[in-house]
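**Student:** Input structure: protein_32.cif, which contains mmCIF, C-alpha atoms.
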data_final
loop_
_atom_site.group_PDB
_atom_site.id
_atom_site.type_symbol
_atom_site.label_atom_id
_atom_site.label_comp_id
_atom_site.auth_asym_id
_atom_site.auth_seq_id
_atom_site.Cartn_x
_atom_site.Cartn_y
_atom_site.Cartn_z
ATOM 1 C CA MET A 1 -67.515 30.027 -14.129
ATOM 2 C CA PHE A 2 -65.734 31.985 -11.357
ATOM 3 C CA LYS A 3 -69.052 32.564 -9.625
ATOM 4 C CA ASN A 4 -69.453 28.863 -8.892
ATOM 5 C CA LYS A 5 -68.133 28.151 -5.394
ATOM 6 C CA HIS A 6 -67.152 24.568 -6.315
ATOM 7 C CA VAL A 7 -64.766 25.794 -9.056
ATOM 8 C CA ILE A 8 -63.175 28.344 -6.730
ATOM 9 C CA LEU A 9 -62.740 25.729 -3.987
ATOM 10 C CA ALA A 10 -61.182 23.280 -6.491
ATOM 11 C CA MET A 11 -58.738 25.977 -7.688
ATOM 12 C CA ILE A 12 -57.588 26.500 -4.080
ATOM 13 C CA VAL A 13 -57.425 22.844 -3.003
ATOM 14 C CA ALA A 14 -55.794 21.345 -6.153
ATOM 15 C CA PRO A 15 -52.346 23.022 -5.734
ATOM 16 C CA ILE A 16 -52.270 22.106 -2.045
ATOM 17 C CA LEU A 17 -53.045 18.457 -2.840
ATOM 18 C CA ALA A 18 -50.399 18.458 -5.586
ATOM 19 C CA ILE A 19 -47.703 19.665 -3.150
ATOM 20 C CA ILE A 20 -48.717 17.096 -0.532
ATOM 21 C CA ALA A 21 -48.640 14.337 -3.181
ATOM 22 C CA TYR A 22 -45.185 15.453 -4.407
ATOM 23 C CA PHE A 23 -43.617 15.196 -0.952
ATOM 24 C CA GLY A 24 -45.594 12.045 -0.090
ATOM 25 C CA VAL A 25 -44.334 10.156 -3.146
ATOM 26 C CA ASP A 26 -40.762 11.330 -2.474
ATOM 27 C CA LEU A 27 -40.982 10.097 1.107
ATOM 28 C CA ALA A 28 -42.442 6.746 0.033
ATOM 29 C CA VAL A 29 -40.021 5.814 -2.778
ATOM 30 C CA SER A 30 -36.731 7.607 -2.038
ATOM 31 C CA GLU A 31 -33.690 5.736 -0.735
ATOM 32 C CA LYS A 32 -32.898 6.183 2.917
ATOM 33 C CA PRO A 33 -29.305 7.400 3.483
ATOM 34 C CA LEU A 34 -27.059 4.840 5.163
ATOM 35 C CA THR A 35 -23.909 5.399 7.167
ATOM 36 C CA ALA A 36 -20.649 3.934 5.897
ATOM 37 C CA GLN A 37 -19.790 0.598 7.501
ATOM 38 C CA GLU A 38 -16.234 -0.197 8.538
ATOM 39 C CA GLY A 39 -14.602 -2.712 6.209
ATOM 40 C CA GLU A 40 -16.950 -1.971 3.281
ATOM 41 C CA THR A 41 -16.112 -0.268 -0.032
ATOM 42 C CA TYR A 42 -18.009 2.627 -1.589
ATOM 43 C CA LYS A 43 -17.764 4.250 -5.016
ATOM 44 C CA LEU A 44 -16.948 7.952 -5.352
ATOM 45 C CA ALA A 45 -18.801 9.855 -8.063
ATOM 46 C CA ALA A 46 -16.749 12.353 -10.079
ATOM 47 C CA ARG A 47 -18.377 15.784 -10.260
ATOM 48 C CA SER A 48 -18.724 17.741 -13.496
ATOM 49 C CA ASN A 49 -15.635 19.888 -12.830
ATOM 50 C CA CYS A 50 -13.514 16.788 -13.590
ATOM 51 C CA ARG A 51 -14.549 16.937 -17.261
ATOM 52 C CA TYR A 52 -13.269 20.470 -17.868
ATOM 53 C CA THR A 53 -9.919 22.270 -17.723
ATOM 54 C CA SER A 54 -10.709 23.633 -14.268
ATOM 55 C CA GLY A 55 -7.636 22.515 -12.324
ATOM 56 C CA LEU A 56 -9.968 20.831 -9.789
ATOM 57 C CA CYS A 57 -11.768 17.508 -9.578
ATOM 58 C CA SER A 58 -14.268 16.769 -6.805
ATOM 59 C CA MET A 59 -15.333 13.225 -5.993
ATOM 60 C CA VAL A 60 -18.148 12.556 -3.532
ATOM 61 C CA ASN A 61 -20.242 9.862 -1.896
ATOM 62 C CA GLY A 62 -22.829 11.339 0.453
ATOM 63 C CA ASP A 63 -21.002 13.451 3.037
ATOM 64 C CA PHE A 64 -17.584 12.033 2.103
ATOM 65 C CA LYS A 65 -15.764 14.355 -0.317
ATOM 66 C CA VAL A 66 -12.252 14.449 -1.735
ATOM 67 C CA GLU A 67 -10.854 17.055 -4.091
ATOM 68 C CA LEU A 68 -7.928 16.648 -6.488
ATOM 69 C CA ARG A 69 -6.086 19.824 -7.472
ATOM 70 C CA SER A 70 -3.485 20.076 -10.198
ATOM 71 C CA GLU A 71 -0.578 21.936 -8.570
ATOM 72 C CA THR A 72 1.997 21.755 -11.387
ATOM 73 C CA LEU A 73 1.734 20.462 -14.950
ATOM 74 C CA THR A 74 4.763 20.045 -17.206
ATOM 75 C CA GLU A 75 5.292 18.035 -20.383
ATOM 76 C CA ASN A 76 6.586 15.069 -18.368
ATOM 77 C CA ALA A 77 4.880 15.214 -14.977
ATOM 78 C CA VAL A 78 1.900 16.429 -13.025
ATOM 79 C CA ILE A 79 1.774 17.092 -9.277
ATOM 80 C CA LEU A 80 -1.624 16.456 -7.718
ATOM 81 C CA LYS A 81 -2.827 17.500 -4.284
ATOM 82 C CA LEU A 82 -5.672 15.565 -2.650
ATOM 83 C CA THR A 83 -7.740 17.331 0.027
ATOM 84 C CA SER A 84 -10.330 15.504 2.106
ATOM 85 C CA ASP A 85 -12.983 16.692 4.547
ATOM 86 C CA PHE A 86 -12.148 13.686 6.766
ATOM 87 C CA PRO A 87 -8.722 12.409 7.907
ATOM 88 C CA LEU A 88 -7.447 9.630 5.656
ATOM 89 C CA GLU A 89 -5.458 6.559 6.687
ATOM 90 C CA GLY A 90 -4.019 6.126 3.199
ATOM 91 C CA ALA A 91 -4.432 7.024 -0.458
ATOM 92 C CA LYS A 92 -3.362 5.376 -3.720
ATOM 93 C CA ILE A 93 -3.693 6.720 -7.236
ATOM 94 C CA GLY A 94 -2.972 5.266 -10.661
ATOM 95 C CA LEU A 95 -2.859 6.730 -14.152
ATOM 96 C CA VAL A 96 -4.451 4.715 -16.957
ATOM 97 C CA GLN A 97 -3.899 5.800 -20.556
ATOM 98 C CA GLY A 98 -6.093 3.988 -23.044
ATOM 99 C CA LYS A 99 -6.358 0.287 -22.200
ATOM 100 C CA GLU A 100 -2.881 -0.125 -20.802
ATOM 101 C CA GLN A 101 -1.814 0.761 -17.276
ATOM 102 C CA VAL A 102 0.977 3.336 -17.490
ATOM 103 C CA THR A 103 1.724 3.492 -13.776
ATOM 104 C CA SER A 104 0.916 0.934 -11.142
ATOM 105 C CA PRO A 105 -0.986 2.468 -8.250
ATOM 106 C CA VAL A 106 1.255 4.833 -6.319
ATOM 107 C CA ASP A 107 1.003 5.609 -2.614
ATOM 108 C CA MET A 108 0.271 9.270 -2.041
ATOM 109 C CA GLU A 109 2.378 11.073 0.558
ATOM 110 C CA LYS A 110 0.779 12.742 3.566
ATOM 111 C CA ASN A 111 1.216 16.522 3.347
ATOM 112 C CA ASN A 112 0.132 17.428 6.901
ATOM 113 C CA ALA A 113 -0.236 15.782 10.297
ATOM 114 C CA SER A 114 -4.049 15.707 10.201
ATOM 115 C CA GLY A 115 -4.110 13.346 7.208
ATOM 116 C CA GLN A 116 -6.431 15.593 5.217
ATOM 117 C CA GLU A 117 -3.883 16.663 2.549
ATOM 118 C CA TRP A 118 -1.918 14.279 0.335
ATOM 119 C CA MET A 119 0.474 14.855 -2.598
ATOM 120 C CA VAL A 120 1.674 12.732 -5.518
ATOM 121 C CA ASP A 121 3.904 13.170 -8.554
ATOM 122 C CA LEU A 122 2.653 11.286 -11.654
ATOM 123 C CA PRO A 123 3.657 11.147 -15.323
ATOM 124 C CA ALA A 124 1.766 13.686 -17.429
ATOM 125 C CA PRO A 125 -1.285 12.322 -19.256
ATOM 126 C CA SER A 126 -0.479 11.749 -22.914
ATOM 127 C CA ASN A 127 -3.971 11.555 -24.446
ATOM 128 C CA GLU A 128 -7.574 12.584 -23.846
ATOM 129 C CA GLU A 129 -8.672 9.074 -22.821
ATOM 130 C CA SER A 130 -6.372 9.106 -19.780
ATOM 131 C CA GLU A 131 -8.024 8.424 -16.435
ATOM 132 C CA LEU A 132 -7.070 8.605 -12.795
ATOM 133 C CA HIS A 133 -8.073 5.728 -10.526
ATOM 134 C CA LEU A 134 -8.167 6.710 -6.859
ATOM 135 C CA VAL A 135 -8.564 4.664 -3.665
ATOM 136 C CA VAL A 136 -8.638 6.246 -0.201
ATOM 137 C CA LYS A 137 -9.144 4.745 3.250
ATOM 138 C CA SER A 138 -10.873 6.592 6.068
ATOM 139 C CA GLN A 139 -11.940 5.085 9.396
ATOM 140 C CA GLY A 140 -11.512 1.540 8.075
ATOM 141 C CA THR A 141 -13.701 2.177 5.016
ATOM 142 C CA LEU A 142 -12.434 2.159 1.420
ATOM 143 C CA TYR A 143 -13.649 4.691 -1.142
ATOM 144 C CA TYR A 144 -12.726 4.323 -4.818
ATOM 145 C CA GLY A 145 -13.399 6.265 -7.975
ATOM 146 C CA GLU A 146 -12.168 7.197 -11.400
ATOM 147 C CA ALA A 147 -12.033 10.506 -13.223
ATOM 148 C CA PRO A 148 -10.778 11.789 -16.586
ATOM 149 C CA THR A 149 -7.502 13.719 -16.546
ATOM 150 C CA THR A 150 -8.937 16.684 -18.451
ATOM 151 C CA PHE A 151 -8.982 18.766 -15.253
ATOM 152 C CA VAL A 152 -5.178 18.696 -14.718
ATOM 153 C CA GLU A 153 -4.707 21.586 -17.137
ATOM 154 C CA TYR A 154 -6.052 24.873 -15.766
ATOM 155 C CA LYS A 155 -7.232 26.892 -18.737
ATOM 156 C CA THR A 156 -9.929 29.565 -18.974
ATOM 157 C CA PHE A 157 -11.017 32.025 -21.631
ATOM 158 C CA PHE A 158 -9.252 34.745 -19.646
ATOM 159 C CA THR A 159 -5.885 32.921 -19.799
ATOM 160 C CA GLU A 160 -6.333 32.290 -23.531
ATOM 161 C CA ASP A 161 -6.957 36.024 -24.126
ATOM 162 C CA GLN A 162 -3.749 36.874 -22.242
ATOM 163 C CA LYS A 163 -1.712 34.506 -24.416
ATOM 164 C CA SER A 164 -3.025 36.082 -27.632
ATOM 165 C CA GLN A 165 -1.949 39.598 -26.575
#
Could you express the structure from this file as structure tokens?
**Tutor:**
Amino acid sequence: MFKNKHVILAMIVAPILAIIAYFGVDLAVSEKPLTAQEGETYKLAARSNCRYTSGLCSMVNGDFKVELRSETLTENAVILKLTSDFPLEGAKIGLVQGKEQVTSPVDMEKNNASGQEWMVDLPAPSNEESELHLVVKSQGTLYYGEAPTTFVEYKTFFTEDQKSQ
């Protein structure tokens, strides 16, 4: 079988054609990235670190990225710090626990002159179904998203081992 030149040629050409077809189909059917338009609204997607006790929650839409960090967590309150890659004109955040709104959206306070860091003090989440609803404005464009509040508690296996000793 390997002495037949047609079989050998087919074994060389088939992988090359498969790679060309893979990239050709991707080019033909993939969405073309669009730039954000002023006055429009875009949804932020919560990354996987929002679902774990990581202390961080990243939300993205294309190149636009914001990160929520839990600075302090007590029984009654949580202090969150929002960091953005782009300067923000404003930011609002609300805490929803279950089906009822616990806090109306609160304006976040600018933490530096560049508008890339914002802080807020919220009531501590009381159950696992609690969510944060975030809206930020940058260059006349609104970005909104929601994320579970699981991330506000920073806990790792290493910290659990220290508590047991």
**Student:** Hey, which of A:Pro123, A:Pro105, A:Gly55, A:Gly90 ends up closest to A:Val78? Count only C-alpha atoms.
**Tutor:**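 Under the stated criterion, the closest residue is A:Pro123.
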**Student:** Kindly indicate which residue among A:Leu56, A:Leu88, A:Leu134, A:Val66 lies nearest to A:Ser114, using all atoms listed in the file for the distances.
**Tutor:**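 Selected residue with least distance to A:Ser114: A:Leu88.
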**Student:** Enter the distance from atom CA of A:Pro148 to atom CA of A:Ala36, in Å, rounded to one decimal.
**Tutor:**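 Atom-to-atom, atom CA of A:Pro148 to atom CA of A:Ala36, that is 25.8 Å.
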**Student:** Go ahead and compute the interatomic distance for atom CA of A:Ser104 and atom CA of A:Thr53, in Å to one decimal.
**Tutor:** 24.8 Å
**Student:** Could you tell me which of A:Gly62, A:Gly145, A:Pro125, A:Pro87 comes closest to A:Pro33 if we count all atoms listed in the file?
**Tutor:**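 Selected residue with least distance to A:Pro33: A:Gly62.
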**Student:** Written as a list of chain:residue names, which residues does the PyMOL selection byres ((chain A and resi 150) around 7) give for the file shown?
**Tutor:** A:Cys50, A:Arg51, A:Tyr52, A:Thr53, A:Glu128, A:Pro148, A:Thr149, A:Phe151, A:Val152, A:Glu153
**Student:** Would you put the residues from that selection into a file with C-alpha atoms, as a PDB file, in the coordinates of the input?
**Tutor:**
ATOM      1  CA  CYS A  50     -13.514  16.788 -13.590  1.00  0.00           C
ATOM      2  CA  ARG A  51     -14.549  16.937 -17.261  1.00  0.00           C
ATOM      3  CA  TYR A  52     -13.269  20.470 -17.868  1.00  0.00           C
ATOM      4  CA  THR A  53      -9.919  22.270 -17.723  1.00  0.00           C
ATOM      5  CA  GLU A 128      -7.574  12.584 -23.846  1.00  0.00           C
ATOM      6  CA  PRO A 148     -10.778  11.789 -16.586  1.00  0.00           C
ATOM      7  CA  THR A 149      -7.502  13.719 -16.546  1.00  0.00           C
ATOM      8  CA  PHE A 151      -8.982  18.766 -15.253  1.00  0.00           C
ATOM      9  CA  VAL A 152      -5.178  18.696 -14.718  1.00  0.00           C
ATOM     10  CA  GLU A 153      -4.707  21.586 -17.137  1.00  0.00           C
TER      11      GLU A 153
END
**Student:** Expanded to explicit residues, what is the PyMOL selection byres ((chain A and resi 77) around 12) for this file, as a ChimeraX atom specification?
**Tutor:** /A:70-76,78-80,95,120-126,152-153
**Student:** Pull C-alpha atoms from the residues just selected and write them as a PDB file, in the coordinates of the input.
**Tutor:**
ATOM      1  CA  SER A  70      -3.485  20.076 -10.198  1.00  0.00           C
ATOM      2  CA  GLU A  71      -0.578  21.936  -8.570  1.00  0.00           C
ATOM      3  CA  THR A  72       1.997  21.755 -11.387  1.00  0.00           C
ATOM      4  CA  LEU A  73       1.734  20.462 -14.950  1.00  0.00           C
ATOM      5  CA  THR A  74       4.763  20.045 -17.206  1.00  0.00           C
ATOM      6  CA  GLU A  75       5.292  18.035 -20.383  1.00  0.00           C
ATOM      7  CA  ASN A  76       6.586  15.069 -18.368  1.00  0.00           C
ATOM      8  CA  VAL A  78       1.900  16.429 -13.025  1.00  0.00           C
ATOM      9  CA  ILE A  79       1.774  17.092  -9.277  1.00  0.00           C
ATOM     10  CA  LEU A  80      -1.624  16.456  -7.718  1.00  0.00           C
ATOM     11  CA  LEU A  95      -2.859   6.730 -14.152  1.00  0.00           C
ATOM     12  CA  VAL A 120       1.674  12.732  -5.518  1.00  0.00           C
ATOM     13  CA  ASP A 121       3.904  13.170  -8.554  1.00  0.00           C
ATOM     14  CA  LEU A 122       2.653  11.286 -11.654  1.00  0.00           C
ATOM     15  CA  PRO A 123       3.657  11.147 -15.323  1.00  0.00           C
ATOM     16  CA  ALA A 124       1.766  13.686 -17.429  1.00  0.00           C
ATOM     17  CA  PRO A 125      -1.285  12.322 -19.256  1.00  0.00           C
ATOM     18  CA  SER A 126      -0.479  11.749 -22.914  1.00  0.00           C
ATOM     19  CA  VAL A 152      -5.178  18.696 -14.718  1.00  0.00           C
ATOM     20  CA  GLU A 153      -4.707  21.586 -17.137  1.00  0.00           C
TER      21      GLU A 153
END
**Student:** Can you give me, as a PDB file with C-alpha atoms, in the frame of the given file, the residues this file yields under the PyMOL selection byres ((chain A and resi 46) around 6)?
**Tutor:**
ATOM      1  CA  ALA A  45     -18.801   9.855  -8.063  1.00  0.00           C
ATOM      2  CA  ARG A  47     -18.377  15.784 -10.260  1.00  0.00           C
ATOM      3  CA  MET A  59     -15.333  13.225  -5.993  1.00  0.00           C
ATOM      4  CA  ALA A 147     -12.033  10.506 -13.223  1.00  0.00           C
TER       5      ALA A 147
END
**Student:** Could you tell me, as a ChimeraX atom specification, which residues have any atom at most 6 Å from (-21.1, 8.2, -4.5), counting only C-alpha atoms?
**Tutor:** /A:43-45,60-61
**Student:** If we count only C-alpha atoms and set the cut-off at 8 Å, which residues sit around A:Tyr42, ignoring sequence neighbours fewer than 5 positions away in its own chain? Please answer as an NGL selection string.
**Tutor:** :A and (61 or 141-144)
**Student:** Can I get the selection written as a CSV table (one decimal), keeping the file's coordinate frame, with C-alpha atoms?
**Tutor:**
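Output file result.csv is given in full below:
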chain,number,residue,atom,x,y,z
A,61,ASN,CA,-20.2,9.9,-1.9
A,141,THR,CA,-13.7,2.2,5.0
A,142,LEU,CA,-12.4,2.2,1.4
A,143,TYR,CA,-13.6,4.7,-1.1
A,144,TYR,CA,-12.7,4.3,-4.8
**Student:** Do you have the atom CA of A:Ser30-atom CA of A:Asn49 distance handy?
**Tutor:**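 Pair atom CA of A:Ser30 / atom CA of A:Asn49 returns 26.7 Å.
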**Student:** Quick one: of A:Ser130, A:Ile20, A:Ser84, A:Gly115, who's nearest to A:Gln97, counting all atoms listed in the file?
**Tutor:**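 Using all atoms listed in the file, the shortest distance to A:Gln97 belongs to A:Ser130.
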**Student:** Tell me which of A:His6, A:His133, A:Lys81, A:Lys65 sits closest to A:Glu109, counting all atoms listed in the file.
**Tutor:** A:Lys81
**Student:** Generate the missing atoms of stretch 15-29 of chain A up to N, CA and C atoms and report them as an mmCIF file, in the frame of the given file.
**Tutor:**
data_model
loop_
_atom_site.group_PDB
_atom_site.id
_atom_site.type_symbol
_atom_site.label_atom_id
_atom_site.label_comp_id
_atom_site.auth_asym_id
_atom_site.auth_seq_id
_atom_site.Cartn_x
_atom_site.Cartn_y
_atom_site.Cartn_z
ATOM 1 N N PRO A 15 -53.794 22.832 -5.926
ATOM 2 C CA PRO A 15 -52.346 23.022 -5.734
ATOM 3 C C PRO A 15 -51.841 22.486 -4.390
ATOM 4 N N ILE A 16 -52.665 22.617 -3.360
ATOM 5 C CA ILE A 16 -52.270 22.106 -2.045
ATOM 6 C C ILE A 16 -52.147 20.588 -2.092
ATOM 7 N N LEU A 17 -53.107 19.914 -2.709
ATOM 8 C CA LEU A 17 -53.045 18.457 -2.840
ATOM 9 C C LEU A 17 -51.864 18.022 -3.709
ATOM 10 N N ALA A 18 -51.537 18.792 -4.733
ATOM 11 C CA ALA A 18 -50.399 18.458 -5.586
ATOM 12 C C ALA A 18 -49.086 18.529 -4.805
ATOM 13 N N ILE A 19 -48.915 19.531 -3.955
ATOM 14 C CA ILE A 19 -47.703 19.665 -3.150
ATOM 15 C C ILE A 19 -47.613 18.532 -2.130
ATOM 16 N N ILE A 20 -48.706 18.206 -1.493
ATOM 17 C CA ILE A 20 -48.717 17.096 -0.532
ATOM 18 C C ILE A 20 -48.384 15.783 -1.243
ATOM 19 N N ALA A 21 -48.915 15.555 -2.424
ATOM 20 C CA ALA A 21 -48.640 14.337 -3.181
ATOM 21 C C ALA A 21 -47.175 14.274 -3.601
ATOM 22 N N TYR A 22 -46.588 15.401 -3.996
ATOM 23 C CA TYR A 22 -45.185 15.453 -4.407
ATOM 24 C C TYR A 22 -44.273 14.988 -3.274
ATOM 25 N N PHE A 23 -44.452 15.573 -2.086
ATOM 26 C CA PHE A 23 -43.617 15.196 -0.952
ATOM 27 C C PHE A 23 -43.955 13.801 -0.436
ATOM 28 N N GLY A 24 -45.203 13.387 -0.526
ATOM 29 C CA GLY A 24 -45.594 12.045 -0.090
ATOM 30 C C GLY A 24 -44.964 10.962 -0.938
ATOM 31 N N VAL A 25 -44.957 11.136 -2.253
ATOM 32 C CA VAL A 25 -44.334 10.156 -3.146
ATOM 33 C C VAL A 25 -42.828 10.124 -2.929
ATOM 34 N N ASP A 26 -42.198 11.283 -2.741
ATOM 35 C CA ASP A 26 -40.762 11.330 -2.474
ATOM 36 C C ASP A 26 -40.427 10.578 -1.192
ATOM 37 N N LEU A 27 -41.210 10.771 -0.165
ATOM 38 C CA LEU A 27 -40.982 10.097 1.107
ATOM 39 C C LEU A 27 -41.168 8.585 0.973
ATOM 40 N N ALA A 28 -42.128 8.169 0.168
ATOM 41 C CA ALA A 28 -42.442 6.746 0.033
ATOM 42 C C ALA A 28 -41.423 5.977 -0.804
ATOM 43 N N VAL A 29 -40.870 6.577 -1.860
ATOM 44 C CA VAL A 29 -40.021 5.814 -2.778
ATOM 45 C C VAL A 29 -38.542 6.180 -2.744
#
